[in-house]
Amino acid sequence: MVTIHLNSCALLIIDMQEYFRAIAAPILPAMISLIQCCRQAKLPIIYTRHAHRDPVSDGGMLANWWSELIIDGTAAAKLLPEIAPQVNEQVILKHRYSAFFETDLQAILQQRQIRQLIIGGVMTNLCCETTAREAFVRDYEVIFLSDGTATSHQDYQRATLLNLAYGFAHILTCQELCQLISVGVTTPLTHPLNRGNK
């Protein structure tokens with residue numbers, strides 16, 4: 001069961017950057033519609049941008065695991081212009097999978113009295129999933145977008161949705177969520193992957 005609390009809910013858009021354009025392209029239309037819906041409802045929108053300024057000092061295990069990293073200041077590190085933040089929307093620079101690690105995200109959410117976090121972006125099974133799990137551990141109610149997240153293979157996508165639905169997050173489509181937000185309804189919507197419907 002999902003109840004959208006418009007006065008304590010925020011949209012977190014993770015790493016929709018040029019580096020991930022090919023992966024993010026299929027979810028752009030749904031995300032653009034959802035962003036517009038959130039702006040109309042005056043929901044806070046927070047973006048993350050993953051980049052490294054000095055992989056030796058801020059790369060950690062990511063630098064050991066991956067053959068290349070996104071370097072800050074390059075074209076690959078820029079957010080996709082299709083979902084460009086407005087002047088009142090915050091952008092957080094991060095350098096780990098989790099958007100909470102060594103960032104101001106927790107402080108921003110507390111300042112805005114956010115208790116419910118909508119998560120979309122890329123990559124589903126890495127930064128989005130890690131952030132969703134950590135948000136749950138920090139006692140946020142997590143809503144995870146099934147068609148507003150993307151990764152390199154559908155097997156990874158479905159595995160994350162199944163795992164999160166079992167113990168960490170409500171799974172909704174962008175359209176389901178936008179319908180609730182746009183009319184200010186708090187009626188629960190269900191998704192086949194949510195544990196309560198199995």
# chains A, B, ... in the order shown; residues from 1 in each chain; ligands from 1
>>> residues_around(residues="segment 106-118 of chain A", least_positions_apart="6", cutoff="12 Å", atoms="only C-alpha atoms", output="ChimeraX atom specification")
/A:2-14,31,34-35,38,43-47,89-92,98-100,128-129,131-136,138-146,148-149,168-174,177-178,181
>>> residues_around(residues="Asp58 of chain A", least_positions_apart="5", cutoff="12 Å", atoms="only C-alpha atoms", output="compact mmCIF listing (two decimals) with all heavy atoms, in the first residue's frame")
# COMPACT_ATOMS: atom_id res chain seq x y z
N HIS A 50 27.24 12.01 -10.85
CA HIS A 50 28.39 11.20 -10.43
C HIS A 50 29.63 11.61 -11.21
O HIS A 50 29.63 11.61 -12.45
CB HIS A 50 28.11 9.72 -10.67
CG HIS A 50 29.14 8.82 -10.06
ND1 HIS A 50 28.89 8.06 -8.94
CD2 HIS A 50 30.42 8.56 -10.40
CE1 HIS A 50 29.98 7.38 -8.62
NE2 HIS A 50 30.93 7.68 -9.51
N ALA A 51 30.69 11.97 -10.50
CA ALA A 51 31.94 12.35 -11.16
C ALA A 51 33.08 12.31 -10.15
O ALA A 51 32.87 12.45 -8.94
CB ALA A 51 31.82 13.73 -11.78
N HIS A 52 34.28 12.14 -10.69
CA HIS A 52 35.48 12.10 -9.86
C HIS A 52 36.42 13.22 -10.28
O HIS A 52 36.68 13.42 -11.47
CB HIS A 52 36.18 10.74 -10.03
CG HIS A 52 35.32 9.59 -9.59
ND1 HIS A 52 35.35 9.08 -8.31
CD2 HIS A 52 34.40 8.86 -10.27
CE1 HIS A 52 34.49 8.09 -8.21
NE2 HIS A 52 33.89 7.94 -9.38
N ARG A 53 36.93 13.95 -9.29
CA ARG A 53 37.88 15.01 -9.56
C ARG A 53 39.31 14.49 -9.55
O ARG A 53 40.17 15.01 -10.26
CB ARG A 53 37.69 16.13 -8.53
CG ARG A 53 36.37 16.87 -8.72
CD ARG A 53 36.03 17.81 -7.59
NE ARG A 53 34.80 18.55 -7.90
CZ ARG A 53 34.09 19.19 -7.00
NH1 ARG A 53 34.47 19.21 -5.72
NH2 ARG A 53 32.98 19.83 -7.36
N ALA A 63 37.36 2.81 -8.48
CA ALA A 63 38.53 2.94 -9.35
C ALA A 63 39.21 1.60 -9.58
O ALA A 63 39.82 1.39 -10.63
CB ALA A 63 39.52 3.93 -8.73
N ASN A 64 39.09 0.70 -8.61
CA ASN A 64 39.67 -0.63 -8.77
C ASN A 64 38.76 -1.56 -9.57
O ASN A 64 39.24 -2.46 -10.26
CB ASN A 64 39.94 -1.27 -7.39
CG ASN A 64 40.98 -0.51 -6.60
OD1 ASN A 64 41.86 0.11 -7.17
ND2 ASN A 64 40.86 -0.57 -5.28
N LEU A 69 36.34 5.82 -15.17
CA LEU A 69 35.46 6.58 -14.31
C LEU A 69 35.03 7.86 -15.01
O LEU A 69 35.68 8.31 -15.96
CB LEU A 69 36.17 6.93 -12.99
CG LEU A 69 36.60 5.77 -12.10
CD1 LEU A 69 37.35 6.29 -10.88
CD2 LEU A 69 35.41 4.94 -11.66
N ILE A 70 33.94 8.44 -14.53
CA ILE A 70 33.47 9.72 -15.07
C ILE A 70 34.28 10.82 -14.41
O ILE A 70 34.28 10.96 -13.19
CB ILE A 70 31.97 9.93 -14.80
CG1 ILE A 70 31.16 8.73 -15.30
CG2 ILE A 70 31.49 11.22 -15.46
CD1 ILE A 70 29.70 8.77 -14.88
N ILE A 71 34.96 11.61 -15.22
CA ILE A 71 35.82 12.67 -14.70
C ILE A 71 35.08 14.00 -14.72
O ILE A 71 34.51 14.40 -15.74
CB ILE A 71 37.13 12.78 -15.52
CG1 ILE A 71 37.85 11.41 -15.54
CG2 ILE A 71 38.03 13.86 -14.94
CD1 ILE A 71 38.20 10.86 -14.17
N ASP A 72 35.07 14.65 -13.57
CA ASP A 72 34.38 15.92 -13.45
C ASP A 72 34.98 16.95 -14.41
O ASP A 72 36.19 16.99 -14.62
CB ASP A 72 34.49 16.44 -12.01
CG ASP A 72 33.45 17.50 -11.70
OD1 ASP A 72 32.41 17.53 -12.39
OD2 ASP A 72 33.66 18.27 -10.76
N LEU A 93 26.87 16.51 -6.11
CA LEU A 93 27.98 15.76 -6.70
C LEU A 93 28.31 14.58 -5.80
O LEU A 93 28.50 14.75 -4.59
CB LEU A 93 29.21 16.67 -6.85
CG LEU A 93 30.46 16.00 -7.44
CD1 LEU A 93 30.22 15.60 -8.89
CD2 LEU A 93 31.66 16.91 -7.32
N LYS A 94 28.38 13.40 -6.38
CA LYS A 94 28.71 12.21 -5.60
C LYS A 94 29.82 11.42 -6.29
O LYS A 94 30.05 11.56 -7.49
CB LYS A 94 27.47 11.33 -5.38
CG LYS A 94 26.93 10.62 -6.62
CD LYS A 94 25.70 9.81 -6.25
CE LYS A 94 25.19 8.96 -7.40
NZ LYS A 94 26.11 7.89 -7.81
N HIS A 95 30.47 10.55 -5.51
CA HIS A 95 31.55 9.76 -6.09
C HIS A 95 31.53 8.30 -5.60
O HIS A 95 32.54 7.62 -5.64
CB HIS A 95 32.91 10.40 -5.82
CG HIS A 95 33.17 10.68 -4.36
ND1 HIS A 95 32.85 11.90 -3.80
CD2 HIS A 95 33.70 9.93 -3.39
CE1 HIS A 95 33.19 11.88 -2.52
NE2 HIS A 95 33.70 10.69 -2.25
N ARG A 96 30.36 7.87 -5.16
CA ARG A 96 30.13 6.46 -4.84
C ARG A 96 28.74 6.09 -5.34
O ARG A 96 27.96 6.93 -5.74
CB ARG A 96 30.22 6.21 -3.33
CG ARG A 96 31.60 6.39 -2.74
CD ARG A 96 32.60 5.34 -3.22
NE ARG A 96 33.82 5.38 -2.43
CZ ARG A 96 34.83 6.21 -2.64
NH1 ARG A 96 34.74 7.10 -3.63
NH2 ARG A 96 35.91 6.17 -1.89
N PHE A 101 26.58 8.93 0.48
CA PHE A 101 27.97 8.82 0.93
C PHE A 101 28.75 10.11 0.67
O PHE A 101 28.91 10.54 -0.46
CB PHE A 101 28.65 7.65 0.20
CG PHE A 101 30.07 7.40 0.65
CD1 PHE A 101 30.34 6.71 1.81
CD2 PHE A 101 31.14 7.89 -0.10
CE1 PHE A 101 31.65 6.48 2.22
CE2 PHE A 101 32.45 7.67 0.30
CZ PHE A 101 32.70 6.97 1.46
N GLU A 102 29.19 10.75 1.76
CA GLU A 102 29.99 11.97 1.69
C GLU A 102 29.34 13.06 0.83
O GLU A 102 29.99 13.76 0.07
CB GLU A 102 31.40 11.67 1.18
CG GLU A 102 32.20 10.79 2.15
CD GLU A 102 33.64 10.58 1.72
OE1 GLU A 102 34.00 10.99 0.60
OE2 GLU A 102 34.40 10.00 2.52
>>> select_by_dssp(residues="segment 12-182 of chain A", states="strand (DSSP E)", output="MDAnalysis selection string")
chainID A and resid 12:14 45:50 90:94 116:122 141:150 169:172
>>> atom_distance(atom1="atom CA of Ile27 of chain A", atom2="atom CA of Ala159 of chain A")
17.9 Å
>>> residues_around(residues="Pro26 of chain A", least_positions_apart="2", cutoff="10 Å", atoms="only C-alpha atoms", output="PyMOL selection string")
chain A and resi 21-24+28-31+147-150
>>> write_last_selection(atoms="C-alpha atoms", output="mmCIF file, in the first residue's frame")
data_model
loop_
_atom_site.group_PDB
_atom_site.id
_atom_site.type_symbol
_atom_site.label_atom_id
_atom_site.label_comp_id
_atom_site.auth_asym_id
_atom_site.auth_seq_id
_atom_site.Cartn_x
_atom_site.Cartn_y
_atom_site.Cartn_z
ATOM 1 C CA ARG A 21 22.816 8.661 -22.393
ATOM 2 C CA ALA A 22 22.397 5.361 -24.247
ATOM 3 C CA ILE A 23 21.097 3.648 -21.115
ATOM 4 C CA ALA A 24 18.938 6.575 -20.010
ATOM 5 C CA LEU A 28 13.612 9.962 -20.757
ATOM 6 C CA PRO A 29 9.999 10.493 -21.910
ATOM 7 C CA ALA A 30 8.562 9.019 -18.712
ATOM 8 C CA MET A 31 10.998 10.952 -16.539
ATOM 9 C CA ASP A 147 10.062 2.540 -15.778
ATOM 10 C CA GLY A 148 11.966 5.569 -14.503
ATOM 11 C CA THR A 149 15.146 3.618 -13.835
ATOM 12 C CA ALA A 150 17.385 1.915 -16.368
#
>>> atom_distance(atom1="atom CA of Leu79 of chain A", atom2="atom CA of Glu18 of chain A")
6.1 Å
>>> closest_residue(among="A:Thr48, A:Ala75, A:Thr151, A:Ser182", to="Asp104 of chain A", atoms="only C-alpha atoms")
A:Thr48
>>> closest_residue(among="A:Thr124, A:Gln157, A:Gln179, A:Met16", to="Ser33 of chain A", atoms="only C-alpha atoms")
A:Gln179
